[in-house]
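Worksheet: one structure, shown below.
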Amino acid sequence: MRTLAFAATLAIPFLMSACTADDLPTQERAVAPILTTDEARDEFTYARPLEARVTHVALDLDLDFEGRRVEGVATLDVDAAEDATEIVLDSDGLVIGGISDGNGNALDYTIGESDPDKGEPITVQLGELTGPGLQQIVINYASGSEAEALQWLAPEQTAGGEYPYVFSQGQAILNRTWIPTQDSPGIRQTWEARITAPKPLNVVMSGISRGDPEDVGESRRAFEFVMENSIPPYLIAIAAGNIEFAELGPRSGVWAEPEMLEEAAAELTDTEAMIDAAEEIYGPYRWGRYDMIVLPPAFPYGGMENPVMTFLTPTFIAGDRSNTGLIAHELAHSWSGNLVTYSSWRDGWLNEGVTSYFESRISEAVFGEKRANQEYALSYASLVEAIDENGADNPNTAMRTPEGISPFDTVGPAIYDKGTVFLRTMENIIGRERFDEFMRGWFDRHAFQPATSEMFLSELREYVVQDDEELEQQLMLDEWVYGTGLPENAIAPDPAAFAEVDEAAQAYADNGTLPAKQKWTGWTGAEQQRFLQELPEEMSATQLSALNQRLALADTGNNEVLFLWLEAALRNEYQPAVAQAETFLGEVGRNKFVEPLFKALWDTGSWGQPIATRIYDETRGGYHSYTRNQVDPIVGWEG
Ligand code: BES
Ligand code: ZN
């Protein structure tokens with residue numbers, strides 16, 4: 001059955017994508033089509049999936065905290081075309097012990113030359129097994145010493161300070177440093193895993209946990225997980241540490257170190273309401289449970305949408321749930337990104353832009369229109385600023401990343417915020433009801449399948465525009481997706497969203513009038529952020545000191561606010577903020593905060609550069625490879 005489904009996709013890929021997942025028998029549902037258009041092509045994989053592709057990954061791994069590596073066996077189910085003789089996998093530094101078929105017969109393989117971006121191909125001869133149908137290959141391996149997906153933390157980097165910790169970050173193309181598979185978002189795979197770890201550590205993964213952990217001797221336990229929905233392989237994720245679980249609702253809960261579990265659970269009180277709201281908008285949540293893990297502060301992102309187990313930075317915790325837009329965002333990815341996934345990294349907006357729009361819809365439903373409008377205004381402002389900075393004809397401001405630019409070097413707001421503004425604009429022109437119906441259909445038609453910009457636009461034309469020329473012109477679809485800058489039909493935010501804050505910011509800029517402390521503390525997180533973003537670029541030490549005294553910025557419990565304060569202080573060479581910045585940078589590895597703070601220091605020249613160098617020497621070792629890769633070039637790090 002699997003072979004038939006595969007053959008069908010080979011010949012007529014679009015026939016497959018025309019059926020909904022529910023029309024297909026279970027066996028076939030697991031094998032998602034491979035898209036064959038130019039736009040769908042992923043240049044960051046060595047795989048040739050139309051010849052032979054991985055459909056299922058079974059991991060049997062030990063977490064080795066001393067050696068800082070994973071070690072064990074990956075068994076891959078392979079679906080090969082009739083004339084295929086080999087299968088190509090992605091690897092980046094994997095140490096291969098040997099490869100055999102499902103019966104234990106050794107298979108020949110070669111490891112190609114390594115490319116700094118893509119890593120190296122592993123080409124496995126299918127040998128005797130050549131021919132259509134399901135085959136297995138069994139790979140003995142370990143991750144290499146520089147595996148970028150894995151961050152191993154020393155006990156000092158955790159809240160408890162007693163046990164080591166490890167977590168993975170697969171997106172974009174990092175999972176090939178610990179899993180030998182075809183690491184491309186358009187090659188969906190189901191997976192299962194058995195992982196051992198030393199007691200008393202617990203292991204979680206982005207799959208459903210299968211039974212209780214099993215004692216396996218030598219003071220270790222084995223944990224099992226399974227993901228029956230086919231997913232893009234960047235979504236396979238693992239974390240292990242001294243973590244415990246707290247239930248949030250019937251299908252949601254949170255993992256964290258015991259020291260912060262209660263605080264984390266309190267901040268996440270709105271989770272069930274968000275899931276309900278999301279379902280109301282785009283249909284059923286199809287993954288079963290929605291759990292989250294609050295990681296140590298070294299985690300390089302705000303959040304990562306790993307299925308059934310969102311990974312979160314602890315820095316979103318403010319005590320007042322003001323930063324939970326992040327949860328709405330990662331949850332929204334359960335539709336946009338995890339259910340329907342870009343086939344190529346060049347379609348970043350299909351995951352992140354659609355998600356940012358959906359995030360704002362969830363925010364509106366759970367927290368009301370005012371908060372949603374404010375978040376939209378922040379988004380719009382960051383887009384306008386990015387376009388101003390880069391120039392409206394800069395190819396970096398296109399939503400679909402054009403050839404010649406790496407999709408990993410794009411301007412964030414052009415993907416996230418332009419995506420939000422695009423979909424809000426579509427909603428506004430088409431009407432909410434009709435647009436929601438279209439989007440719901442989009443997720444249904446392509447559930448558990450890859451997609452492209454081209455498909456999105458052609459379906460919008462097929463289902464909504466329907467040859468209405470006037471509507472076609474009004475929407476400006478191609479200009480939005482392929483063009484640069486901000487199309488003229490963009491829906492501007494409601495100026496009332498921040499009326500009071502903008503007035504206060506203007507008064508401060510005009511004559512130095514500070515907002516009253518009471519007014520400031522009454523403002524929402526978004527309002528405080530807006531005010532700080534509107535501060536003049538240049539401020540004197542006297543001004544900064546007065547501002548900090550009035551608003552107690554250095555004592556805020558909200559890291560987004562603290563970050564904006566530190567950034568303003570550092571770019572203005574405000575010495576009294578250096579110690580606090582140093583402490584912050586020593587604890588927090590979230591790139592969104594770390595990179596701009598180093599940049600602010602560096603850009604001041606002779607004042608900040610020695611400070612940046614001194615701090616980075618101390619803190620670099622605690623950062624994830626992603627954050628290091630972003631900061632190294634800013635401070636001219638040379639190892
Ligand atoms: N999927 C992204 C994180 C990501 C994107 C990792 C591209 C690697 C490559 C995640 O959903 C995300 O967007 N996180 C944001 C959250 C924010 C927009 C609410 C973050 O970490 O800041
Ligand atoms: Zn995202």
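How things are named: the first chain in the structure tokens is A, the next is B, and so on; residues count from 1 in each chain; ligands count from 1 in the order shown.
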10 Å shell around ligand 2 using only C-alpha atoms and all ligand atoms, listed as a ChimeraX atom specification: /A:301-305,326,328-333,336-337,348-349,351-356,359,416
When DSSP works through the backbone of this structure, what residues of segment 26-157 of chain A end up as strand (DSSP E or B), shown as a PDB file with N, CA, C and O atoms, in the first residue's frame?
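Written out: part-v1.pdb:
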ATOM      1  N   ALA A  52      14.399   7.719  -3.639  1.00  0.00           N
ATOM      2  CA  ALA A  52      14.237   6.927  -2.408  1.00  0.00           C
ATOM      3  C   ALA A  52      14.083   7.887  -1.247  1.00  0.00           C
ATOM      4  O   ALA A  52      14.838   8.847  -1.122  1.00  0.00           O
ATOM      5  N   ARG A  53      13.081   7.633  -0.417  1.00  0.00           N
ATOM      6  CA  ARG A  53      12.809   8.568   0.671  1.00  0.00           C
ATOM      7  C   ARG A  53      12.564   7.850   1.987  1.00  0.00           C
ATOM      8  O   ARG A  53      12.102   6.703   2.012  1.00  0.00           O
ATOM      9  N   VAL A  54      12.866   8.549   3.043  1.00  0.00           N
ATOM     10  CA  VAL A  54      12.603   8.038   4.382  1.00  0.00           C
ATOM     11  C   VAL A  54      11.142   8.337   4.720  1.00  0.00           C
ATOM     12  O   VAL A  54      10.662   9.446   4.514  1.00  0.00           O
ATOM     13  N   THR A  55      10.429   7.325   5.224  1.00  0.00           N
ATOM     14  CA  THR A  55       9.049   7.563   5.644  1.00  0.00           C
ATOM     15  C   THR A  55       8.874   7.455   7.157  1.00  0.00           C
ATOM     16  O   THR A  55       7.887   7.934   7.704  1.00  0.00           O
ATOM     17  N   HIS A  56       9.825   6.794   7.818  1.00  0.00           N
ATOM     18  CA  HIS A  56       9.695   6.615   9.269  1.00  0.00           C
ATOM     19  C   HIS A  56      11.084   6.498   9.890  1.00  0.00           C
ATOM     20  O   HIS A  56      11.967   5.864   9.323  1.00  0.00           O
ATOM     21  N   VAL A  57      11.250   7.113  11.047  1.00  0.00           N
ATOM     22  CA  VAL A  57      12.534   7.065  11.765  1.00  0.00           C
ATOM     23  C   VAL A  57      12.288   6.427  13.131  1.00  0.00           C
ATOM     24  O   VAL A  57      11.397   6.866  13.859  1.00  0.00           O
ATOM     25  N   ALA A  58      13.073   5.402  13.473  1.00  0.00           N
ATOM     26  CA  ALA A  58      13.000   4.825  14.823  1.00  0.00           C
ATOM     27  C   ALA A  58      14.357   5.007  15.489  1.00  0.00           C
ATOM     28  O   ALA A  58      15.368   4.501  15.013  1.00  0.00           O
ATOM     29  N   LEU A  59      14.370   5.780  16.579  1.00  0.00           N
ATOM     30  CA  LEU A  59      15.638   6.068  17.268  1.00  0.00           C
ATOM     31  C   LEU A  59      15.740   5.217  18.526  1.00  0.00           C
ATOM     32  O   LEU A  59      14.765   5.046  19.257  1.00  0.00           O
ATOM     33  N   ASP A  60      16.932   4.690  18.766  1.00  0.00           N
ATOM     34  CA  ASP A  60      17.207   3.985  20.009  1.00  0.00           C
ATOM     35  C   ASP A  60      18.527   4.552  20.524  1.00  0.00           C
ATOM     36  O   ASP A  60      19.602   4.152  20.078  1.00  0.00           O
ATOM     37  N   LEU A  61      18.447   5.539  21.422  1.00  0.00           N
ATOM     38  CA  LEU A  61      19.632   6.345  21.745  1.00  0.00           C
ATOM     39  C   LEU A  61      19.881   6.460  23.240  1.00  0.00           C
ATOM     40  O   LEU A  61      18.938   6.477  24.044  1.00  0.00           O
ATOM     41  N   ASP A  62      21.155   6.553  23.575  1.00  0.00           N
ATOM     42  CA  ASP A  62      21.556   6.864  24.946  1.00  0.00           C
ATOM     43  C   ASP A  62      22.017   8.315  25.004  1.00  0.00           C
ATOM     44  O   ASP A  62      22.786   8.760  24.139  1.00  0.00           O
ATOM     45  N   LEU A  63      21.589   9.033  26.026  1.00  0.00           N
ATOM     46  CA  LEU A  63      22.112  10.385  26.255  1.00  0.00           C
ATOM     47  C   LEU A  63      23.364  10.245  27.109  1.00  0.00           C
ATOM     48  O   LEU A  63      23.310   9.738  28.228  1.00  0.00           O
ATOM     49  N   ASP A  64      24.478  10.697  26.557  1.00  0.00           N
ATOM     50  CA  ASP A  64      25.768  10.570  27.232  1.00  0.00           C
ATOM     51  C   ASP A  64      26.199  11.971  27.682  1.00  0.00           C
ATOM     52  O   ASP A  64      26.756  12.732  26.892  1.00  0.00           O
ATOM     53  N   ARG A  69      27.174  13.691  23.967  1.00  0.00           N
ATOM     54  CA  ARG A  69      26.757  13.191  22.655  1.00  0.00           C
ATOM     55  C   ARG A  69      25.598  12.206  22.838  1.00  0.00           C
ATOM     56  O   ARG A  69      25.358  11.715  23.950  1.00  0.00           O
ATOM     57  N   VAL A  70      24.882  11.945  21.749  1.00  0.00           N
ATOM     58  CA  VAL A  70      23.911  10.857  21.757  1.00  0.00           C
ATOM     59  C   VAL A  70      24.526   9.717  20.968  1.00  0.00           C
ATOM     60  O   VAL A  70      25.298   9.930  20.032  1.00  0.00           O
ATOM     61  N   GLU A  71      24.166   8.492  21.357  1.00  0.00           N
ATOM     62  CA  GLU A  71      24.794   7.341  20.730  1.00  0.00           C
ATOM     63  C   GLU A  71      23.789   6.216  20.638  1.00  0.00           C
ATOM     64  O   GLU A  71      23.025   5.992  21.584  1.00  0.00           O
ATOM     65  N   GLY A  72      23.763   5.522  19.501  1.00  0.00           N
ATOM     66  CA  GLY A  72      22.836   4.398  19.392  1.00  0.00           C
ATOM     67  C   GLY A  72      22.528   4.052  17.956  1.00  0.00           C
ATOM     68  O   GLY A  72      23.407   4.079  17.093  1.00  0.00           O
ATOM     69  N   VAL A  73      21.228   3.767  17.706  1.00  0.00           N
ATOM     70  CA  VAL A  73      20.832   3.230  16.411  1.00  0.00           C
ATOM     71  C   VAL A  73      19.634   4.008  15.871  1.00  0.00           C
ATOM     72  O   VAL A  73      18.702   4.313  16.613  1.00  0.00           O
ATOM     73  N   ALA A  74      19.680   4.293  14.576  1.00  0.00           N
ATOM     74  CA  ALA A  74      18.504   4.833  13.887  1.00  0.00           C
ATOM     75  C   ALA A  74      18.081   3.821  12.832  1.00  0.00           C
ATOM     76  O   ALA A  74      18.893   3.425  11.989  1.00  0.00           O
ATOM     77  N   THR A  75      16.822   3.386  12.895  1.00  0.00           N
ATOM     78  CA  THR A  75      16.306   2.476  11.872  1.00  0.00           C
ATOM     79  C   THR A  75      15.340   3.267  10.996  1.00  0.00           C
ATOM     80  O   THR A  75      14.364   3.838  11.501  1.00  0.00           O
ATOM     81  N   LEU A  76      15.645   3.326   9.708  1.00  0.00           N
ATOM     82  CA  LEU A  76      14.833   4.135   8.795  1.00  0.00           C
ATOM     83  C   LEU A  76      13.993   3.246   7.891  1.00  0.00           C
ATOM     84  O   LEU A  76      14.512   2.291   7.311  1.00  0.00           O
ATOM     85  N   ASP A  77      12.712   3.542   7.774  1.00  0.00           N
ATOM     86  CA  ASP A  77      11.890   2.905   6.745  1.00  0.00           C
ATOM     87  C   ASP A  77      12.092   3.707   5.469  1.00  0.00           C
ATOM     88  O   ASP A  77      11.973   4.934   5.475  1.00  0.00           O
ATOM     89  N   VAL A  78      12.369   2.992   4.402  1.00  0.00           N
ATOM     90  CA  VAL A  78      12.697   3.645   3.139  1.00  0.00           C
ATOM     91  C   VAL A  78      11.704   3.206   2.079  1.00  0.00           C
ATOM     92  O   VAL A  78      11.380   2.024   1.974  1.00  0.00           O
ATOM     93  N   ASP A  79      11.213   4.151   1.328  1.00  0.00           N
ATOM     94  CA  ASP A  79      10.331   3.854   0.211  1.00  0.00           C
ATOM     95  C   ASP A  79      11.117   4.194  -1.053  1.00  0.00           C
ATOM     96  O   ASP A  79      11.487   5.348  -1.254  1.00  0.00           O
ATOM     97  N   ALA A  80      11.418   3.185  -1.868  1.00  0.00           N
ATOM     98  CA  ALA A  80      12.296   3.410  -3.014  1.00  0.00           C
ATOM     99  C   ALA A  80      11.538   3.209  -4.316  1.00  0.00           C
ATOM    100  O   ALA A  80      10.684   2.330  -4.428  1.00  0.00           O
ATOM    101  N   GLU A  86      20.190   3.579  -4.630  1.00  0.00           N
ATOM    102  CA  GLU A  86      20.766   4.153  -3.414  1.00  0.00           C
ATOM    103  C   GLU A  86      19.817   5.161  -2.787  1.00  0.00           C
ATOM    104  O   GLU A  86      18.888   5.643  -3.425  1.00  0.00           O
ATOM    105  N   ILE A  87      20.085   5.441  -1.525  1.00  0.00           N
ATOM    106  CA  ILE A  87      19.337   6.509  -0.849  1.00  0.00           C
ATOM    107  C   ILE A  87      20.343   7.481  -0.255  1.00  0.00           C
ATOM    108  O   ILE A  87      21.375   7.072   0.278  1.00  0.00           O
ATOM    109  N   VAL A  88      20.019   8.781  -0.363  1.00  0.00           N
ATOM    110  CA  VAL A  88      20.925   9.803   0.159  1.00  0.00           C
ATOM    111  C   VAL A  88      20.302  10.446   1.400  1.00  0.00           C
ATOM    112  O   VAL A  88      19.152  10.893   1.375  1.00  0.00           O
ATOM    113  N   LEU A  89      21.093  10.479   2.472  1.00  0.00           N
ATOM    114  CA  LEU A  89      20.654  11.064   3.745  1.00  0.00           C
ATOM    115  C   LEU A  89      21.476  12.316   4.033  1.00  0.00           C
ATOM    116  O   LEU A  89      22.549  12.511   3.468  1.00  0.00           O
ATOM    117  N   ASP A  90      20.981  13.143   4.933  1.00  0.00           N
ATOM    118  CA  ASP A  90      21.743  14.314   5.377  1.00  0.00           C
ATOM    119  C   ASP A  90      22.447  14.011   6.691  1.00  0.00           C
ATOM    120  O   ASP A  90      21.894  13.341   7.574  1.00  0.00           O
ATOM    121  N   SER A  91      23.662  14.531   6.792  1.00  0.00           N
ATOM    122  CA  SER A  91      24.438  14.382   8.022  1.00  0.00           C
ATOM    123  C   SER A  91      25.246  15.650   8.213  1.00  0.00           C
ATOM    124  O   SER A  91      25.567  16.345   7.252  1.00  0.00           O
ATOM    125  N   VAL A  95      28.984  10.552  13.457  1.00  0.00           N
ATOM    126  CA  VAL A  95      30.040   9.538  13.443  1.00  0.00           C
ATOM    127  C   VAL A  95      29.355   8.190  13.196  1.00  0.00           C
ATOM    128  O   VAL A  95      28.612   7.699  14.049  1.00  0.00           O
ATOM    129  N   ILE A  96      29.561   7.654  11.994  1.00  0.00           N
ATOM    130  CA  ILE A  96      28.834   6.446  11.605  1.00  0.00           C
ATOM    131  C   ILE A  96      29.659   5.198  11.958  1.00  0.00           C
ATOM    132  O   ILE A  96      30.818   5.079  11.571  1.00  0.00           O
ATOM    133  N   GLY A  97      29.027   4.267  12.678  1.00  0.00           N
ATOM    134  CA  GLY A  97      29.713   3.025  13.030  1.00  0.00           C
ATOM    135  C   GLY A  97      29.510   1.955  11.972  1.00  0.00           C
ATOM    136  O   GLY A  97      30.392   1.135  11.707  1.00  0.00           O
ATOM    137  N   GLY A  98      28.339   1.939  11.348  1.00  0.00           N
ATOM    138  CA  GLY A  98      28.055   0.952  10.318  1.00  0.00           C
ATOM    139  C   GLY A  98      26.596   1.031   9.914  1.00  0.00           C
ATOM    140  O   GLY A  98      25.761   1.564  10.660  1.00  0.00           O
ATOM    141  N   ILE A  99      26.307   0.559   8.701  1.00  0.00           N
ATOM    142  CA  ILE A  99      24.927   0.594   8.202  1.00  0.00           C
ATOM    143  C   ILE A  99      24.582  -0.787   7.654  1.00  0.00           C
ATOM    144  O   ILE A  99      25.372  -1.398   6.928  1.00  0.00           O
ATOM    145  N   SER A 100      23.404  -1.287   8.036  1.00  0.00           N
ATOM    146  CA  SER A 100      22.994  -2.600   7.533  1.00  0.00           C
ATOM    147  C   SER A 100      21.536  -2.548   7.098  1.00  0.00           C
ATOM    148  O   SER A 100      20.847  -1.552   7.322  1.00  0.00           O
ATOM    149  N   ASP A 101      21.079  -3.629   6.460  1.00  0.00           N
ATOM    150  CA  ASP A 101      19.657  -3.675   6.121  1.00  0.00           C
ATOM    151  C   ASP A 101      18.877  -4.253   7.297  1.00  0.00           C
ATOM    152  O   ASP A 101      19.450  -4.567   8.345  1.00  0.00           O
ATOM    153  N   ALA A 106      25.315  -6.107   6.067  1.00  0.00           N
ATOM    154  CA  ALA A 106      25.969  -4.802   5.924  1.00  0.00           C
ATOM    155  C   ALA A 106      25.654  -4.186   4.567  1.00  0.00           C
ATOM    156  O   ALA A 106      25.576  -4.887   3.554  1.00  0.00           O
ATOM    157  N   TYR A 109      28.243   2.174   2.018  1.00  0.00           N
ATOM    158  CA  TYR A 109      27.847   3.588   2.035  1.00  0.00           C
ATOM    159  C   TYR A 109      29.079   4.460   1.863  1.00  0.00           C
ATOM    160  O   TYR A 109      30.206   4.020   2.127  1.00  0.00           O
ATOM    161  N   THR A 110      28.849   5.686   1.411  1.00  0.00           N
ATOM    162  CA  THR A 110      29.945   6.655   1.340  1.00  0.00           C
ATOM    163  C   THR A 110      29.497   7.944   2.010  1.00  0.00           C
ATOM    164  O   THR A 110      28.300   8.288   1.990  1.00  0.00           O
ATOM    165  N   ILE A 111      30.457   8.621   2.589  1.00  0.00           N
ATOM    166  CA  ILE A 111      30.173   9.919   3.208  1.00  0.00           C
ATOM    167  C   ILE A 111      30.859  10.974   2.356  1.00  0.00           C
ATOM    168  O   ILE A 111      32.071  10.915   2.153  1.00  0.00           O
ATOM    169  N   ASP A 115      29.935  20.476   3.459  1.00  0.00           N
ATOM    170  CA  ASP A 115      29.693  21.866   3.090  1.00  0.00           C
ATOM    171  C   ASP A 115      29.386  22.616   4.400  1.00  0.00           C
ATOM    172  O   ASP A 115      28.700  22.078   5.257  1.00  0.00           O
ATOM    173  N   GLY A 119      26.313  20.483   5.607  1.00  0.00           N
ATOM    174  CA  GLY A 119      26.891  19.259   6.140  1.00  0.00           C
ATOM    175  C   GLY A 119      27.258  18.330   4.999  1.00  0.00           C
ATOM    176  O   GLY A 119      27.571  18.789   3.891  1.00  0.00           O
ATOM    177  N   GLU A 120      27.186  17.015   5.221  1.00  0.00           N
ATOM    178  CA  GLU A 120      27.644  16.086   4.192  1.00  0.00           C
ATOM    179  C   GLU A 120      26.588  15.013   3.898  1.00  0.00           C
ATOM    180  O   GLU A 120      25.816  14.643   4.769  1.00  0.00           O
ATOM    181  N   PRO A 121      26.567  14.529   2.637  1.00  0.00           N
ATOM    182  CA  PRO A 121      25.620  13.471   2.289  1.00  0.00           C
ATOM    183  C   PRO A 121      26.140  12.097   2.725  1.00  0.00           C
ATOM    184  O   PRO A 121      27.344  11.851   2.676  1.00  0.00           O
ATOM    185  N   ILE A 122      25.214  11.251   3.146  1.00  0.00           N
ATOM    186  CA  ILE A 122      25.557   9.837   3.327  1.00  0.00           C
ATOM    187  C   ILE A 122      24.783   9.077   2.250  1.00  0.00           C
ATOM    188  O   ILE A 122      23.543   9.127   2.220  1.00  0.00           O
ATOM    189  N   THR A 123      25.496   8.431   1.370  1.00  0.00           N
ATOM    190  CA  THR A 123      24.851   7.703   0.283  1.00  0.00           C
ATOM    191  C   THR A 123      24.926   6.210   0.585  1.00  0.00           C
ATOM    192  O   THR A 123      26.013   5.652   0.710  1.00  0.00           O
ATOM    193  N   VAL A 124      23.765   5.597   0.744  1.00  0.00           N
ATOM    194  CA  VAL A 124      23.712   4.187   1.139  1.00  0.00           C
ATOM    195  C   VAL A 124      23.256   3.357  -0.059  1.00  0.00           C
ATOM    196  O   VAL A 124      22.223   3.662  -0.677  1.00  0.00           O
ATOM    197  N   GLN A 125      24.034   2.317  -0.396  1.00  0.00           N
ATOM    198  CA  GLN A 125      23.648   1.422  -1.490  1.00  0.00           C
ATOM    199  C   GLN A 125      22.533   0.512  -1.009  1.00  0.00           C
ATOM    200  O   GLN A 125      22.660  -0.137   0.021  1.00  0.00           O
ATOM    201  N   GLY A 133       9.171  -0.744  -2.866  1.00  0.00           N
ATOM    202  CA  GLY A 133       8.606  -1.259  -1.624  1.00  0.00           C
ATOM    203  C   GLY A 133       9.359  -0.798  -0.411  1.00  0.00           C
ATOM    204  O   GLY A 133      10.348  -0.082  -0.490  1.00  0.00           O
ATOM    205  N   LEU A 134       8.867  -1.221   0.695  1.00  0.00           N
ATOM    206  CA  LEU A 134       9.387  -0.787   1.972  1.00  0.00           C
ATOM    207  C   LEU A 134      10.633  -1.568   2.332  1.00  0.00           C
ATOM    208  O   LEU A 134      10.670  -2.784   2.256  1.00  0.00           O
ATOM    209  N   GLN A 135      11.658  -0.877   2.705  1.00  0.00           N
ATOM    210  CA  GLN A 135      12.869  -1.532   3.169  1.00  0.00           C
ATOM    211  C   GLN A 135      13.331  -0.795   4.417  1.00  0.00           C
ATOM    212  O   GLN A 135      12.923   0.321   4.651  1.00  0.00           O
ATOM    213  N   GLN A 136      14.227  -1.425   5.139  1.00  0.00           N
ATOM    214  CA  GLN A 136      14.766  -0.744   6.309  1.00  0.00           C
ATOM    215  C   GLN A 136      16.269  -0.626   6.205  1.00  0.00           C
ATOM    216  O   GLN A 136      16.926  -1.529   5.695  1.00  0.00           O
ATOM    217  N   ILE A 137      16.792   0.476   6.685  1.00  0.00           N
ATOM    218  CA  ILE A 137      18.233   0.546   6.871  1.00  0.00           C
ATOM    219  C   ILE A 137      18.498   0.899   8.328  1.00  0.00           C
ATOM    220  O   ILE A 137      17.753   1.670   8.942  1.00  0.00           O
ATOM    221  N   VAL A 138      19.545   0.277   8.855  1.00  0.00           N
ATOM    222  CA  VAL A 138      19.831   0.378  10.283  1.00  0.00           C
ATOM    223  C   VAL A 138      21.205   1.033  10.437  1.00  0.00           C
ATOM    224  O   VAL A 138      22.198   0.508   9.938  1.00  0.00           O
ATOM    225  N   ILE A 139      21.230   2.186  11.100  1.00  0.00           N
ATOM    226  CA  ILE A 139      22.470   2.970  11.178  1.00  0.00           C
ATOM    227  C   ILE A 139      22.956   3.028  12.621  1.00  0.00           C
ATOM    228  O   ILE A 139      22.237   3.481  13.513  1.00  0.00           O
ATOM    229  N   ASN A 140      24.166   2.540  12.835  1.00  0.00           N
ATOM    230  CA  ASN A 140      24.813   2.693  14.140  1.00  0.00           C
ATOM    231  C   ASN A 140      25.593   3.992  14.115  1.00  0.00           C
ATOM    232  O   ASN A 140      26.420   4.186  13.235  1.00  0.00           O
ATOM    233  N   TYR A 141      25.374   4.848  15.093  1.00  0.00           N
ATOM    234  CA  TYR A 141      26.034   6.148  14.995  1.00  0.00           C
ATOM    235  C   TYR A 141      26.091   6.866  16.340  1.00  0.00           C
ATOM    236  O   TYR A 141      25.475   6.439  17.326  1.00  0.00           O
ATOM    237  N   ALA A 142      26.831   7.961  16.314  1.00  0.00           N
ATOM    238  CA  ALA A 142      26.828   8.903  17.444  1.00  0.00           C
ATOM    239  C   ALA A 142      26.872  10.308  16.878  1.00  0.00           C
ATOM    240  O   ALA A 142      27.313  10.512  15.738  1.00  0.00           O
ATOM    241  N   LEU A 150      22.245  20.254  19.509  1.00  0.00           N
ATOM    242  CA  LEU A 150      22.177  19.871  20.920  1.00  0.00           C
ATOM    243  C   LEU A 150      22.922  20.883  21.776  1.00  0.00           C
ATOM    244  O   LEU A 150      24.051  21.247  21.483  1.00  0.00           O
ATOM    245  N   GLN A 151      22.263  21.348  22.825  1.00  0.00           N
ATOM    246  CA  GLN A 151      23.002  22.160  23.782  1.00  0.00           C
ATOM    247  C   GLN A 151      23.030  21.433  25.117  1.00  0.00           C
ATOM    248  O   GLN A 151      21.993  21.157  25.724  1.00  0.00           O
ATOM    249  N   TRP A 152      24.240  21.106  25.548  1.00  0.00           N
ATOM    250  CA  TRP A 152      24.461  20.402  26.818  1.00  0.00           C
ATOM    251  C   TRP A 152      24.771  21.447  27.863  1.00  0.00           C
ATOM    252  O   TRP A 152      25.726  22.214  27.710  1.00  0.00           O
ATOM    253  N   LEU A 153      23.983  21.485  28.931  1.00  0.00           N
ATOM    254  CA  LEU A 153      24.195  22.512  29.948  1.00  0.00           C
ATOM    255  C   LEU A 153      24.838  21.907  31.184  1.00  0.00           C
ATOM    256  O   LEU A 153      24.455  20.816  31.635  1.00  0.00           O
TER     257      LEU A 153
END
Atomic distance atom CA of Glu587 of chain A - atom CA of Ala256 of chain A, expressed in Å with one decimal: 16.9 Å
List as CSV every residue of segment 221-303 of chain A that is in contact with segment 33-40 of chain A, defined as an atom at most 12 Å from one of its atoms (using only C-alpha atoms), together with the nearest atom pair and the distance in Å rounded to one decimal, sorted by chain and then rising number.
residue,atom,partner,partner_atom,distance
A:Ser230,CA,A:Pro33,CA,10.7
A:Ile231,CA,A:Pro33,CA,11.9
A:Pro232,CA,A:Ile34,CA,11.5
So that I have them on file, write out the residues from the current selection with N, CA and C atoms, as a PDB file, in the first residue's frame.
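Below is the file part01.pdb, written as the result:
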ATOM      1  N   SER A 230       2.760  12.297  10.240  1.00  0.00           N
ATOM      2  CA  SER A 230       4.036  12.561   9.583  1.00  0.00           C
ATOM      3  C   SER A 230       4.358  14.051   9.704  1.00  0.00           C
ATOM      4  N   ILE A 231       5.595  14.309  10.041  1.00  0.00           N
ATOM      5  CA  ILE A 231       6.030  15.683  10.342  1.00  0.00           C
ATOM      6  C   ILE A 231       7.327  15.978   9.574  1.00  0.00           C
ATOM      7  N   PRO A 232       7.600  17.257   9.337  1.00  0.00           N
ATOM      8  CA  PRO A 232       8.901  17.609   8.777  1.00  0.00           C
ATOM      9  C   PRO A 232       9.962  17.332   9.846  1.00  0.00           C
TER      10      PRO A 232
END
Shell around Ser406 of chain A at 10 Å using only C-alpha atoms, local window under 6 positions removed, as JSON, numbers by chain: {"A": [345, 346, 396]}
Near-Thr556 of chain A list (10 Å; only C-alpha atoms; drop same-chain fewer than 6 positions) as a PyMOL selection string: chain A and resi 318+521+562-563+565
Next, the residues of the selection above should be written as an mmCIF file, in the first residue's frame with N, CA and C atoms.
data_model
loop_
_atom_site.group_PDB
_atom_site.id
_atom_site.type_symbol
_atom_site.label_atom_id
_atom_site.label_comp_id
_atom_site.auth_asym_id
_atom_site.auth_seq_id
_atom_site.Cartn_x
_atom_site.Cartn_y
_atom_site.Cartn_z
ATOM 1 N N ALA A 318 6.619 36.906 33.269
ATOM 2 C CA ALA A 318 6.648 38.277 33.779
ATOM 3 C C ALA A 318 5.848 38.386 35.074
ATOM 4 N N THR A 521 2.836 52.227 35.601
ATOM 5 C CA THR A 521 2.555 50.888 36.150
ATOM 6 C C THR A 521 1.172 50.394 35.722
ATOM 7 N N LEU A 562 12.821 45.121 30.357
ATOM 8 C CA LEU A 562 14.202 45.246 30.825
ATOM 9 C C LEU A 562 15.165 45.327 29.640
ATOM 10 N N PHE A 563 14.922 44.462 28.656
ATOM 11 C CA PHE A 563 15.778 44.455 27.476
ATOM 12 C C PHE A 563 15.782 45.822 26.782
ATOM 13 N N TRP A 565 15.109 48.718 28.007
ATOM 14 C CA TRP A 565 15.812 49.681 28.858
ATOM 15 C C TRP A 565 17.336 49.511 28.695
#
